[in-house]
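Source file: start-v4.cif. Holds: mmCIF, C-alpha atoms and all ligand atoms.
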```cif
data_start
loop_
_atom_site.label_atom_id
_atom_site.label_comp_id
_atom_site.auth_asym_id
_atom_site.auth_seq_id
_atom_site.Cartn_x
_atom_site.Cartn_y
_atom_site.Cartn_z
CA MET A 185 -38.52 8.61 64.46
CA LYS A 186 -41.64 7.03 63.04
CA GLU A 187 -42.77 10.41 61.75
CA ARG A 188 -39.42 11.06 60.18
CA ILE A 189 -39.69 7.77 58.31
CA GLU A 190 -43.20 8.58 57.11
CA ALA A 191 -42.20 12.09 56.04
CA LEU A 192 -39.26 10.78 54.10
CA LYS A 193 -41.46 8.20 52.41
CA HIS A 194 -43.79 10.96 51.19
CA GLU A 195 -40.91 13.13 50.08
CA ILE A 196 -39.49 10.27 48.07
CA GLU A 197 -42.82 9.38 46.51
CA ARG A 198 -43.27 12.96 45.37
CA ALA A 199 -39.79 13.19 44.00
CA LEU A 200 -40.16 9.94 42.08
CA SER A 201 -43.45 11.04 40.56
CA GLU A 202 -41.70 14.14 39.26
CA GLY A 203 -38.83 12.24 37.60
CA ARG A 204 -39.05 12.81 33.83
CA SER A 205 -35.97 11.21 32.35
CA LEU A 206 -33.31 8.60 32.85
CA LYS A 207 -31.04 11.38 34.01
CA ASP A 208 -33.54 12.46 36.71
CA ILE A 209 -33.80 8.89 37.96
CA LYS A 210 -30.06 8.56 38.24
CA GLU A 211 -29.94 11.74 40.26
CA LEU A 212 -32.70 10.47 42.58
CA GLN A 213 -30.78 7.26 43.09
CA VAL A 214 -27.79 9.20 44.29
CA ARG A 215 -29.87 11.60 46.32
CA PHE A 216 -31.89 9.03 48.29
CA LEU A 217 -29.80 5.90 48.28
CA GLY A 218 -26.37 7.44 48.40
CA ARG A 219 -24.09 7.10 51.38
CA LYS A 220 -24.92 10.59 52.55
CA GLY A 221 -28.61 10.28 51.72
CA PRO A 222 -31.57 10.56 54.15
CA ILE A 223 -32.11 6.78 54.44
CA GLN A 224 -28.57 6.30 55.55
CA GLU A 225 -29.02 9.18 57.94
CA LEU A 226 -32.02 7.46 59.51
CA MET A 227 -29.99 4.29 59.91
CA LEU A 228 -27.41 6.22 61.84
CA ALA A 229 -30.08 7.91 63.92
CA LEU A 230 -31.31 4.45 65.01
CA ARG A 231 -28.50 4.39 67.49
CA GLU A 232 -30.22 7.07 69.50
CA THR A 233 -33.51 5.15 69.80
CA SER A 234 -34.42 2.84 72.67
CA ALA A 235 -33.53 -0.84 72.50
CA GLU A 236 -37.19 -1.92 72.36
CA GLU A 237 -38.09 0.34 69.44
CA ARG A 238 -34.95 -0.20 67.48
CA PRO A 239 -35.72 -3.56 65.75
CA SER A 240 -39.07 -2.49 64.40
CA LEU A 241 -37.81 0.94 63.35
CA GLY A 242 -34.86 -0.74 61.72
CA GLN A 243 -37.19 -2.99 59.80
CA GLN A 244 -39.24 -0.01 58.60
CA ILE A 245 -36.18 1.80 57.36
CA ASN A 246 -34.98 -1.30 55.57
CA ARG A 247 -38.36 -1.78 53.95
CA LEU A 248 -38.35 1.83 52.81
CA LYS A 249 -34.94 1.36 51.33
CA GLU A 250 -36.04 -1.75 49.47
CA GLU A 251 -39.18 -0.07 48.16
CA VAL A 252 -37.26 2.94 46.93
CA THR A 253 -34.62 0.77 45.32
CA GLU A 254 -37.24 -1.24 43.51
CA ALA A 255 -39.26 1.79 42.44
CA LEU A 256 -36.18 3.52 41.06
CA HIS A 257 -35.16 0.37 39.25
CA LYS A 258 -38.55 0.13 37.56
CA LEU A 259 -38.49 3.75 36.55
CA GLU A 260 -34.98 3.36 35.20
CA LYS A 261 -36.09 0.46 33.04
CA ASN A 262 -39.10 2.30 31.69
CA PHE A 263 -37.17 5.42 30.86
CA SER A 264 -34.31 3.61 29.23
CA SER A 265 -36.58 1.64 26.94
CA SER A 266 -38.64 4.67 26.01
CA GLU A 267 -35.53 6.76 25.43
CA GLU A 268 -34.08 4.00 23.28
CA GLU A 269 -37.33 3.88 21.31
CA GLU A 270 -37.20 7.62 20.82
CA ARG A 271 -33.62 7.44 19.66
CA LEU A 272 -34.41 4.66 17.19
CA ARG A 273 -37.40 6.57 15.92
CA GLN A 274 -35.25 9.59 15.18
CA GLU A 275 -32.53 7.50 13.62
CA THR A 276 -34.69 5.73 11.05
CA LEU A 277 -32.78 5.07 7.88
CA ASP A 278 -34.31 6.07 4.59
CA VAL A 279 -33.00 3.35 2.30
CA THR A 280 -34.42 5.11 -0.73
CA LEU A 281 -31.98 8.03 -0.41
CA PRO A 282 -29.13 7.94 -2.95
CA GLY A 283 -25.82 6.74 -1.44
CA SER A 284 -22.85 9.05 -1.03
CA TYR A 285 -20.21 8.74 -3.76
CA ARG A 286 -16.90 7.36 -2.61
CA PRO A 287 -14.35 7.38 -5.41
CA LEU A 288 -12.31 4.21 -5.41
CA GLY A 289 -8.54 4.49 -5.78
CA ARG A 290 -6.81 2.29 -8.30
CA LYS A 291 -3.33 1.34 -9.34
CA HIS A 292 -1.31 3.70 -11.48
CA PRO A 293 -0.62 2.13 -14.89
CA VAL A 294 3.12 2.19 -14.18
CA SER A 295 2.62 0.26 -10.92
CA ALA A 296 0.26 -2.13 -12.66
CA MET A 297 2.81 -2.75 -15.44
CA LEU A 298 5.59 -3.22 -12.89
CA ASP A 299 3.46 -5.83 -11.11
CA LEU A 300 2.65 -7.55 -14.38
CA VAL A 301 6.30 -7.66 -15.48
CA LEU A 302 7.43 -9.03 -12.12
CA GLU A 303 4.68 -11.62 -12.13
CA ALA A 304 5.78 -12.76 -15.60
CA HIS A 305 9.38 -13.07 -14.35
CA ARG A 306 8.28 -14.97 -11.24
CA ASP A 307 6.19 -17.36 -13.31
CA MET A 308 9.30 -18.08 -15.34
CA GLY A 309 11.38 -18.94 -12.29
CA PHE A 310 13.03 -15.59 -11.57
CA SER A 311 13.09 -14.42 -7.98
CA VAL A 312 12.77 -10.71 -7.25
CA GLN A 313 15.43 -8.62 -5.52
CA TYR A 314 15.89 -4.91 -5.04
CA GLY A 315 19.01 -2.79 -5.38
CA PRO A 316 19.65 0.72 -4.05
CA ASP A 317 18.52 3.95 -5.76
CA ILE A 318 21.60 5.74 -4.45
CA GLU A 319 24.56 3.90 -5.83
CA SER A 320 28.32 4.01 -6.05
CA ASP A 321 30.06 4.76 -9.32
CA PHE A 322 31.51 1.26 -8.98
CA TYR A 323 28.26 -0.74 -9.25
CA ASN A 324 26.55 1.66 -11.65
CA PHE A 325 29.49 1.99 -14.07
CA GLU A 326 32.91 0.65 -13.24
CA ALA A 327 31.94 -2.95 -12.44
CA LEU A 328 29.86 -2.95 -15.62
CA ASN A 329 32.85 -2.34 -17.83
CA PHE A 330 32.11 1.35 -18.53
CA ALA A 331 35.37 2.99 -19.54
CA PRO A 332 36.24 5.97 -17.32
CA ASP A 333 35.49 8.36 -20.18
CA HIS A 334 32.22 6.70 -21.22
CA PRO A 335 29.65 9.42 -22.10
CA ALA A 336 27.05 7.92 -19.72
CA ARG A 337 29.22 9.03 -16.81
CA ASP A 338 29.00 12.58 -18.04
CA MET A 339 27.68 15.13 -15.58
CA HIS A 340 24.89 15.86 -18.05
CA ASP A 341 23.48 12.35 -17.86
CA THR A 342 24.07 11.34 -14.30
CA TYR A 343 22.95 12.96 -11.07
CA TYR A 344 25.94 12.84 -8.77
CA ILE A 345 25.27 13.26 -5.05
CA GLU A 346 28.96 13.56 -4.27
CA PRO A 347 32.04 12.34 -6.12
CA GLY A 348 31.63 8.59 -6.63
CA VAL A 349 28.01 8.51 -5.38
CA LEU A 350 25.07 8.93 -7.74
CA LEU A 351 21.41 8.21 -8.43
CA ARG A 352 21.47 5.01 -10.43
CA THR A 353 20.99 5.53 -14.14
CA HIS A 354 19.75 1.98 -14.74
CA THR A 355 18.83 -1.19 -12.84
CA SER A 356 21.93 -2.85 -14.28
CA ASN A 357 23.59 -1.54 -11.11
CA THR A 358 22.15 -4.64 -9.41
CA GLN A 359 24.00 -7.12 -11.64
CA VAL A 360 27.33 -7.29 -9.84
CA ARG A 361 25.67 -6.91 -6.44
CA LEU A 362 23.57 -9.99 -7.22
CA MET A 363 26.61 -11.96 -8.38
CA GLU A 364 28.43 -11.08 -5.17
CA GLY A 365 25.49 -12.23 -3.10
CA HIS A 366 24.82 -15.58 -4.79
CA PRO A 367 26.90 -18.30 -6.36
CA PRO A 368 25.41 -19.36 -9.74
CA PRO A 369 22.85 -20.40 -10.80
CA ILE A 370 21.39 -16.89 -10.54
CA ARG A 371 17.97 -16.17 -11.97
CA ILE A 372 16.76 -12.82 -10.66
CA ALA A 373 14.56 -9.89 -11.66
CA ALA A 374 15.53 -6.56 -10.11
CA PRO A 375 13.00 -3.73 -10.42
CA GLY A 376 13.62 -0.12 -9.47
CA ARG A 377 13.62 3.61 -10.04
CA CYS A 378 16.23 5.16 -12.32
CA PHE A 379 17.31 8.75 -12.83
CA ARG A 380 18.96 10.59 -15.69
CA ASN A 381 19.63 14.22 -16.17
CA GLU A 382 17.55 14.52 -19.32
CA ASP A 383 15.10 17.07 -20.61
CA ILE A 384 11.51 16.14 -19.94
CA THR A 385 9.89 15.61 -23.33
CA ALA A 386 7.17 13.44 -24.81
CA ARG A 387 9.70 10.61 -25.16
CA SER A 388 12.06 11.01 -22.20
CA HIS A 389 11.88 11.78 -18.50
CA LEU A 390 14.48 12.24 -15.81
CA PHE A 391 12.74 9.66 -13.62
CA PHE A 392 11.59 6.24 -14.78
CA HIS A 393 11.43 2.58 -13.82
CA GLN A 394 13.24 -0.44 -15.16
CA VAL A 395 13.28 -4.15 -14.52
CA GLU A 396 16.56 -5.97 -14.93
CA GLY A 397 16.50 -9.69 -15.64
CA ILE A 398 19.64 -11.77 -15.25
CA TYR A 399 20.40 -15.45 -15.58
CA ILE A 400 23.82 -17.00 -14.99
CA ASP A 401 24.58 -20.70 -15.08
CA ARG A 402 26.71 -23.24 -16.89
CA GLY A 403 26.03 -23.39 -20.61
CA VAL A 404 23.64 -20.44 -20.94
CA SER A 405 23.45 -19.47 -24.59
CA MET A 406 22.12 -16.76 -26.82
CA SER A 407 19.33 -19.05 -28.06
CA ASP A 408 18.16 -19.44 -24.42
CA LEU A 409 18.01 -15.67 -24.22
CA VAL A 410 15.91 -15.32 -27.35
CA GLN A 411 13.53 -18.10 -26.37
CA THR A 412 13.06 -16.70 -22.85
CA LEU A 413 12.48 -13.17 -24.13
CA GLU A 414 9.86 -14.39 -26.55
CA ASP A 415 8.01 -16.11 -23.73
CA LEU A 416 8.38 -13.11 -21.39
CA LEU A 417 7.13 -10.56 -23.92
CA HIS A 418 4.22 -12.80 -24.81
CA ARG A 419 3.21 -12.80 -21.13
CA ILE A 420 3.63 -9.03 -20.79
CA PHE A 421 1.68 -8.03 -23.89
CA SER A 422 -0.83 -10.89 -23.62
CA THR A 423 -0.43 -11.59 -27.29
CA GLN A 424 2.00 -13.51 -29.44
CA VAL A 425 4.63 -11.03 -30.65
CA LYS A 426 7.37 -11.45 -33.24
CA LEU A 427 10.87 -10.45 -32.11
CA ARG A 428 13.48 -8.58 -34.09
CA LEU A 429 17.00 -8.49 -32.71
CA ARG A 430 19.31 -5.66 -33.66
CA SER A 431 22.94 -5.73 -32.75
CA SER A 432 23.77 -2.90 -30.34
CA TYR A 433 26.40 -1.82 -27.86
CA PHE A 434 26.22 -1.81 -24.07
CA PRO A 435 29.56 -2.06 -22.26
CA PHE A 436 28.33 -4.81 -19.94
CA VAL A 437 27.16 -7.31 -22.55
CA GLU A 438 28.79 -9.00 -25.54
CA PRO A 439 27.06 -9.34 -27.88
CA GLY A 440 24.57 -6.61 -27.06
CA LEU A 441 21.10 -6.43 -28.57
CA GLU A 442 18.24 -4.09 -28.99
CA VAL A 443 15.00 -6.04 -29.07
CA ASP A 444 11.96 -4.95 -31.05
CA ILE A 445 8.52 -6.52 -31.19
CA SER A 446 6.10 -6.48 -34.09
CA CYS A 447 3.88 -3.41 -33.69
CA LEU A 448 0.99 -4.02 -31.32
CA ALA A 449 -1.30 -1.62 -33.15
CA CYS A 450 -0.80 -2.73 -36.78
CA SER A 451 0.89 -6.15 -36.38
CA GLY A 452 3.78 -4.96 -38.50
CA LYS A 453 1.97 -3.27 -41.39
CA GLY A 454 3.13 0.20 -40.38
CA CYS A 455 1.16 2.86 -38.48
CA THR A 456 1.69 6.00 -36.41
CA LEU A 457 2.59 4.06 -33.21
CA CYS A 458 5.51 2.32 -34.96
CA LYS A 459 6.20 5.29 -37.20
CA LYS A 460 5.47 3.14 -40.26
CA SER A 461 8.32 0.76 -39.41
CA GLY A 462 6.13 -2.11 -38.17
CA TRP A 463 8.43 -2.57 -35.15
CA LEU A 464 8.54 -1.24 -31.58
CA GLU A 465 11.75 -1.15 -29.57
CA VAL A 466 11.10 -2.67 -26.14
CA LEU A 467 14.34 -3.49 -24.36
CA GLY A 468 18.10 -3.92 -24.32
CA ALA A 469 19.67 -7.31 -23.73
CA GLY A 470 22.77 -9.37 -24.28
CA MET A 471 25.18 -12.00 -23.03
CA VAL A 472 26.84 -10.86 -19.81
CA HIS A 473 30.34 -9.61 -20.59
CA PRO A 474 33.16 -11.80 -19.21
CA GLU A 475 34.64 -8.71 -17.50
CA VAL A 476 31.35 -8.19 -15.65
CA LEU A 477 31.26 -11.81 -14.50
CA LYS A 478 34.80 -11.30 -13.23
CA SER A 479 33.74 -8.13 -11.36
CA GLY A 480 31.12 -10.29 -9.61
CA GLY A 481 33.66 -12.97 -8.72
CA ILE A 482 32.34 -15.49 -11.27
CA ASP A 483 34.66 -17.44 -13.55
CA PRO A 484 33.70 -16.65 -17.19
CA GLU A 485 35.40 -19.88 -18.29
CA GLU A 486 32.90 -21.87 -16.28
CA TYR A 487 29.74 -19.77 -16.43
CA THR A 488 27.87 -17.70 -18.97
CA GLY A 489 24.74 -15.62 -18.61
CA TYR A 490 22.28 -13.30 -20.23
CA ALA A 491 20.63 -10.10 -19.02
CA TRP A 492 18.07 -7.58 -20.13
CA GLY A 493 16.80 -4.25 -18.96
CA MET A 494 13.35 -2.96 -19.83
CA GLY A 495 11.84 0.46 -19.29
CA ILE A 496 8.45 0.12 -17.59
CA GLU A 497 7.04 3.47 -18.76
CA ARG A 498 7.93 2.58 -22.32
CA LEU A 499 6.04 -0.71 -22.03
CA VAL A 500 2.99 1.20 -20.72
CA LEU A 501 3.12 3.69 -23.60
CA LEU A 502 3.34 0.90 -26.14
CA LYS A 503 0.75 -1.38 -24.60
CA TYR A 504 -1.87 1.37 -24.25
CA GLY A 505 -0.95 3.49 -27.26
CA ILE A 506 -0.10 6.60 -25.19
CA ASP A 507 2.12 9.03 -27.08
CA ASP A 508 3.52 11.25 -24.32
CA ILE A 509 5.41 9.94 -21.26
CA ARG A 510 4.62 13.15 -19.33
CA LEU A 511 0.98 12.08 -19.15
CA LEU A 512 2.04 9.26 -16.83
CA PHE A 513 3.48 11.65 -14.27
CA ASP A 514 1.04 14.57 -14.43
CA GLY A 515 -1.30 12.97 -11.90
CA ASP A 516 -4.27 13.89 -14.08
CA VAL A 517 -7.14 11.68 -12.93
CA ARG A 518 -8.76 11.87 -16.35
CA LEU A 519 -5.96 9.64 -17.66
CA LEU A 520 -5.92 7.39 -14.58
CA ARG A 521 -9.68 6.88 -14.69
CA GLN A 522 -9.31 5.20 -18.05
CA PHE A 523 -7.53 2.32 -16.37
CA SER A 524 -9.20 -0.07 -14.00
CA PHE A 525 -6.31 -2.04 -12.51
CA VAL A 526 -6.93 -3.16 -8.97
N1 LIG B 1 20.93 -0.76 -18.70
C1 LIG B 1 20.55 -0.50 -20.07
C2 LIG B 1 19.91 0.87 -20.19
O1 LIG B 1 19.51 1.41 -19.21
C3 LIG B 1 19.60 -1.55 -20.56
C4 LIG B 1 20.22 -2.90 -20.71
C5 LIG B 1 20.80 -3.26 -21.91
C6 LIG B 1 20.23 -3.79 -19.67
C7 LIG B 1 21.37 -4.51 -22.09
C8 LIG B 1 20.78 -5.05 -19.82
C9 LIG B 1 21.36 -5.39 -21.07
O2 LIG B 1 20.80 -5.95 -18.85
O3 LIG B 1 21.86 -6.63 -21.21
O4 LIG B 1 19.80 1.38 -21.26
#
```
Once more with this new file: its structure as structure tokens, please.
Ligand code: DAH
Amino acid sequence: MKERIEALKHEIERALSEGRSLKDIKELQVRFLGRKGPIQELMLALRETSAEERPSLGQQINRLKEEVTEALHKLEKNFSSSEEEERLRQETLDVTLPGSYRPLGRKHPVSAMLDLVLEAHRDMGFSVQYGPDIESDFYNFEALNFAPDHPARDMHDTYYIEPGVLLRTHTSNTQVRLMEGHPPPIRIAAPGRCFRNEDITARSHLFFHQVEGIYIDRGVSMSDLVQTLEDLLHRIFSTQVKLRLRSSYFPFVEPGLEVDISCLACSGKGCTLCKKSGWLEVLGAGMVHPEVLKSGGIDPEEYTGYAWGMGIERLVLLKYGIDDIRLLFDGDVRLLRQFSFV
């Protein structure tokens, strides 16, 4: 037994001296200290020794085990720190190398304008609510006082999904929905996508965005509308603009208005942006028609209101002097890179 212990000791010493890496050491740990290893085997063999020899042999085996454990532990430590050093040496970072270029995404000008317009509405006390893109004929037309033969209902203007169901042609579809959902006072901005079956040209697109503003309360007057629009457009264009109101017709307002602002490029002197007129058309507005209030369950004898609808793409074109709406939807990064909205 004694010889076996000695022989094993030598074997282990040799093996340890040959260990070259952390991986080798781990293997030696398993090989010598494992449950099926030679030290454990000797422990079991103790049973066959005489009772007098057993305690001292047992002690020797235990000592061997402790020595091996300690030696392996030391080696493990040494190897892991030298391997770590090696790894760090190879990983050194050359801070003088040029960095890799990561292009930063940014907001599309239409999204940025939408955010700006909504922020201006919020700052003026309007809350924001959304209506559906897919709408019934009722909310898009009928409830808004469109006669059944109104040209806007024509198949050529409106995308019908099935009879009576369509892609909304304007955000005015939200008006009666909002009235149904809230008793007055109502002061809401409703943004959204709109769709019209139009040719895609420099000035028109079949897909665009609008923001509808609506205010209904007791005693709301046309002068409130004008004053509020002036304030709103000032916030949107970040400059004082003069308003020009032209009488116009929309079935859901009476009176109806088309609102122009003094040209942003020439301040009204006349240039190519305003086609020498000095004015830029920015939105449609008016006093909510009594029939529309009735559609929304509101008594027109008690309440009045105003509303407007503005095209977001048009505001972008005017604010940045872009002359072709298609540029906004081409996805050409050369255009987008010229804007730095975040
Ligand atoms: N819905 C109209 C359009 O798409 C715009 C509009 C005009 C909205 C007058 C209004 C309004 O709220 O009062 O052309």
Could you list the protein, DNA and RNA residues that have any atom within 10 Å of ligand LIG 1 (chain B), counting all atoms listed in the file, and write them as JSON, numbers by chain? {"A": [324, 328, 336, 352, 353, 354, 355, 356, 357, 358, 359, 378, 379, 380, 393, 394, 395, 396, 397, 398, 432, 433, 434, 435, 436, 437, 438, 439, 440, 441, 442, 443, 467, 468, 469, 470, 471, 472, 473, 489, 490, 491, 492, 493, 494, 495]}
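The spacing separating atom CA of A:Gly481 from atom CA of A:Met363 amounts to 7.1 Å.
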Between A:Gly452, A:Gly462, A:Pro293, A:Pro368, which has the minimum distance to A:Tyr504 (counting all atoms listed in the file)? A:Pro293
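From atom CA of A:Ile420 back to atom CA of A:Leu511, the distance works out to 21.3 Å.
Atom pair atom CA of A:Leu351 / atom CA of A:Ile318 has a distance of 4.7 Å (rounded to one decimal).
In terms of minimum interatomic distance to A:Asp514, A:His389 ranks closest within A:His389, A:Tyr344, A:Glu211, A:Glu319, counting all atoms listed in the file.
Using only C-alpha atoms for every distance, the candidate list A:Ile345, A:Val279, A:Val301, A:Val404 yields A:Val404 as the residue closest to A:Tyr487.
Comparing A:Asp401, A:Glu497, A:Asp508, A:Glu326 by their smallest distance to A:Ser295, the closest is A:Glu497 (using all atoms listed in the file).
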As a ChimeraX atom specification, please: the residues near A:Gln244 (cut-off 12 Å, only C-alpha atoms, same-chain neighbours under 3 positions excluded). /A:185-190,192-193,223,226-227,230,237-241,247-251
So, with all atoms listed in the file as the atoms that count, which of A:Ile209, A:Met308, A:Ile400, A:Ala191 lies closest to A:Pro474? A:Ile400
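Closest approach to A:Tyr343 among A:Phe310, A:Glu364, A:Asn381, A:Glu260: A:Asn381, based on all atoms listed in the file.
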Edge lengths and centre in Å to one decimal, as JSON, is what I'm after for the box along x, y and z that holds all listed atoms of stretch 326-344 of chain A once 5 Å is added on each side.
```
{"center_x": 29.6, "center_y": 6.5, "center_z": -15.4, "size_x": 23.3, "size_y": 28.8, "size_z": 23.3}
```
With the input short on atoms, add all heavy atoms back to stretch 332-341 of chain A and write it as a PDB file, in the frame of the given file.
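rebuild_37.pdb, freshly written:
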```pdb
ATOM      1  N   PRO A 332      36.334   4.756 -18.145  1.00  0.00           N
ATOM      2  CA  PRO A 332      36.240   5.970 -17.320  1.00  0.00           C
ATOM      3  C   PRO A 332      35.737   7.181 -18.104  1.00  0.00           C
ATOM      4  O   PRO A 332      35.133   8.085 -17.526  1.00  0.00           O
ATOM      5  CB  PRO A 332      37.684   6.197 -16.857  1.00  0.00           C
ATOM      6  CG  PRO A 332      38.375   4.892 -17.037  1.00  0.00           C
ATOM      7  CD  PRO A 332      37.659   4.150 -18.130  1.00  0.00           C
ATOM      8  N   ASP A 333      35.942   7.192 -19.418  1.00  0.00           N
ATOM      9  CA  ASP A 333      35.490   8.360 -20.180  1.00  0.00           C
ATOM     10  C   ASP A 333      34.192   8.070 -20.949  1.00  0.00           C
ATOM     11  O   ASP A 333      33.847   8.765 -21.896  1.00  0.00           O
ATOM     12  CB  ASP A 333      36.588   8.799 -21.169  1.00  0.00           C
ATOM     13  CG  ASP A 333      37.001   7.652 -22.082  1.00  0.00           C
ATOM     14  OD1 ASP A 333      36.539   6.507 -21.851  1.00  0.00           O
ATOM     15  OD2 ASP A 333      37.770   7.896 -23.028  1.00  0.00           O
ATOM     16  N   HIS A 334      33.475   7.024 -20.530  1.00  0.00           N
ATOM     17  CA  HIS A 334      32.220   6.700 -21.220  1.00  0.00           C
ATOM     18  C   HIS A 334      31.222   7.855 -21.071  1.00  0.00           C
ATOM     19  O   HIS A 334      31.082   8.418 -19.989  1.00  0.00           O
ATOM     20  CB  HIS A 334      31.615   5.413 -20.623  1.00  0.00           C
ATOM     21  CG  HIS A 334      30.536   4.832 -21.471  1.00  0.00           C
ATOM     22  ND1 HIS A 334      29.268   5.353 -21.488  1.00  0.00           N
ATOM     23  CD2 HIS A 334      30.540   3.787 -22.343  1.00  0.00           C
ATOM     24  CE1 HIS A 334      28.531   4.649 -22.342  1.00  0.00           C
ATOM     25  NE2 HIS A 334      29.287   3.692 -22.873  1.00  0.00           N
ATOM     26  N   PRO A 335      30.540   8.234 -22.166  1.00  0.00           N
ATOM     27  CA  PRO A 335      29.650   9.420 -22.100  1.00  0.00           C
ATOM     28  C   PRO A 335      28.542   9.296 -21.052  1.00  0.00           C
ATOM     29  O   PRO A 335      28.082  10.311 -20.525  1.00  0.00           O
ATOM     30  CB  PRO A 335      29.060   9.514 -23.508  1.00  0.00           C
ATOM     31  CG  PRO A 335      29.495   8.300 -24.241  1.00  0.00           C
ATOM     32  CD  PRO A 335      30.651   7.699 -23.523  1.00  0.00           C
ATOM     33  N   ALA A 336      28.131   8.065 -20.702  1.00  0.00           N
ATOM     34  CA  ALA A 336      27.050   7.920 -19.720  1.00  0.00           C
ATOM     35  C   ALA A 336      27.463   8.447 -18.351  1.00  0.00           C
ATOM     36  O   ALA A 336      26.625   8.754 -17.511  1.00  0.00           O
ATOM     37  CB  ALA A 336      26.625   6.468 -19.598  1.00  0.00           C
ATOM     38  N   ARG A 337      28.774   8.525 -18.113  1.00  0.00           N
ATOM     39  CA  ARG A 337      29.220   9.030 -16.810  1.00  0.00           C
ATOM     40  C   ARG A 337      29.211  10.556 -16.771  1.00  0.00           C
ATOM     41  O   ARG A 337      29.472  11.150 -15.734  1.00  0.00           O
ATOM     42  CB  ARG A 337      30.649   8.578 -16.550  1.00  0.00           C
ATOM     43  CG  ARG A 337      30.786   7.103 -16.309  1.00  0.00           C
ATOM     44  CD  ARG A 337      32.250   6.796 -16.209  1.00  0.00           C
ATOM     45  NE  ARG A 337      32.472   5.414 -15.823  1.00  0.00           N
ATOM     46  CZ  ARG A 337      33.292   5.065 -14.844  1.00  0.00           C
ATOM     47  NH1 ARG A 337      33.943   5.981 -14.163  1.00  0.00           N
ATOM     48  NH2 ARG A 337      33.463   3.804 -14.550  1.00  0.00           N
ATOM     49  N   ASP A 338      28.941  11.135 -17.917  1.00  0.00           N
ATOM     50  CA  ASP A 338      29.000  12.580 -18.040  1.00  0.00           C
ATOM     51  C   ASP A 338      28.061  13.250 -17.041  1.00  0.00           C
ATOM     52  O   ASP A 338      26.974  12.771 -16.779  1.00  0.00           O
ATOM     53  CB  ASP A 338      28.553  12.953 -19.471  1.00  0.00           C
ATOM     54  CG  ASP A 338      28.925  14.356 -19.816  1.00  0.00           C
ATOM     55  OD1 ASP A 338      28.470  15.258 -19.083  1.00  0.00           O
ATOM     56  OD2 ASP A 338      29.659  14.541 -20.797  1.00  0.00           O
ATOM     57  N   MET A 339      28.501  14.380 -16.524  1.00  0.00           N
ATOM     58  CA  MET A 339      27.680  15.130 -15.580  1.00  0.00           C
ATOM     59  C   MET A 339      26.293  15.427 -16.127  1.00  0.00           C
ATOM     60  O   MET A 339      25.335  15.597 -15.399  1.00  0.00           O
ATOM     61  CB  MET A 339      28.353  16.463 -15.232  1.00  0.00           C
ATOM     62  CG  MET A 339      29.572  16.321 -14.386  1.00  0.00           C
ATOM     63  SD  MET A 339      29.175  15.607 -12.780  1.00  0.00           S
ATOM     64  CE  MET A 339      28.713  17.074 -11.903  1.00  0.00           C
ATOM     65  N   HIS A 340      26.188  15.484 -17.479  1.00  0.00           N
ATOM     66  CA  HIS A 340      24.890  15.860 -18.050  1.00  0.00           C
ATOM     67  C   HIS A 340      23.898  14.709 -18.021  1.00  0.00           C
ATOM     68  O   HIS A 340      22.718  14.888 -18.158  1.00  0.00           O
ATOM     69  CB  HIS A 340      25.078  16.363 -19.486  1.00  0.00           C
ATOM     70  CG  HIS A 340      25.933  17.581 -19.533  1.00  0.00           C
ATOM     71  ND1 HIS A 340      25.520  18.779 -19.010  1.00  0.00           N
ATOM     72  CD2 HIS A 340      27.199  17.773 -19.969  1.00  0.00           C
ATOM     73  CE1 HIS A 340      26.497  19.658 -19.153  1.00  0.00           C
ATOM     74  NE2 HIS A 340      27.516  19.075 -19.715  1.00  0.00           N
ATOM     75  N   ASP A 341      24.397  13.485 -17.874  1.00  0.00           N
ATOM     76  CA  ASP A 341      23.480  12.350 -17.860  1.00  0.00           C
ATOM     77  C   ASP A 341      23.174  11.851 -16.466  1.00  0.00           C
ATOM     78  O   ASP A 341      22.113  11.311 -16.214  1.00  0.00           O
ATOM     79  CB  ASP A 341      24.065  11.184 -18.649  1.00  0.00           C
ATOM     80  CG  ASP A 341      23.969  11.410 -20.138  1.00  0.00           C
ATOM     81  OD1 ASP A 341      22.931  11.921 -20.574  1.00  0.00           O
ATOM     82  OD2 ASP A 341      24.938  11.102 -20.838  1.00  0.00           O
TER      83      ASP A 341
END
```
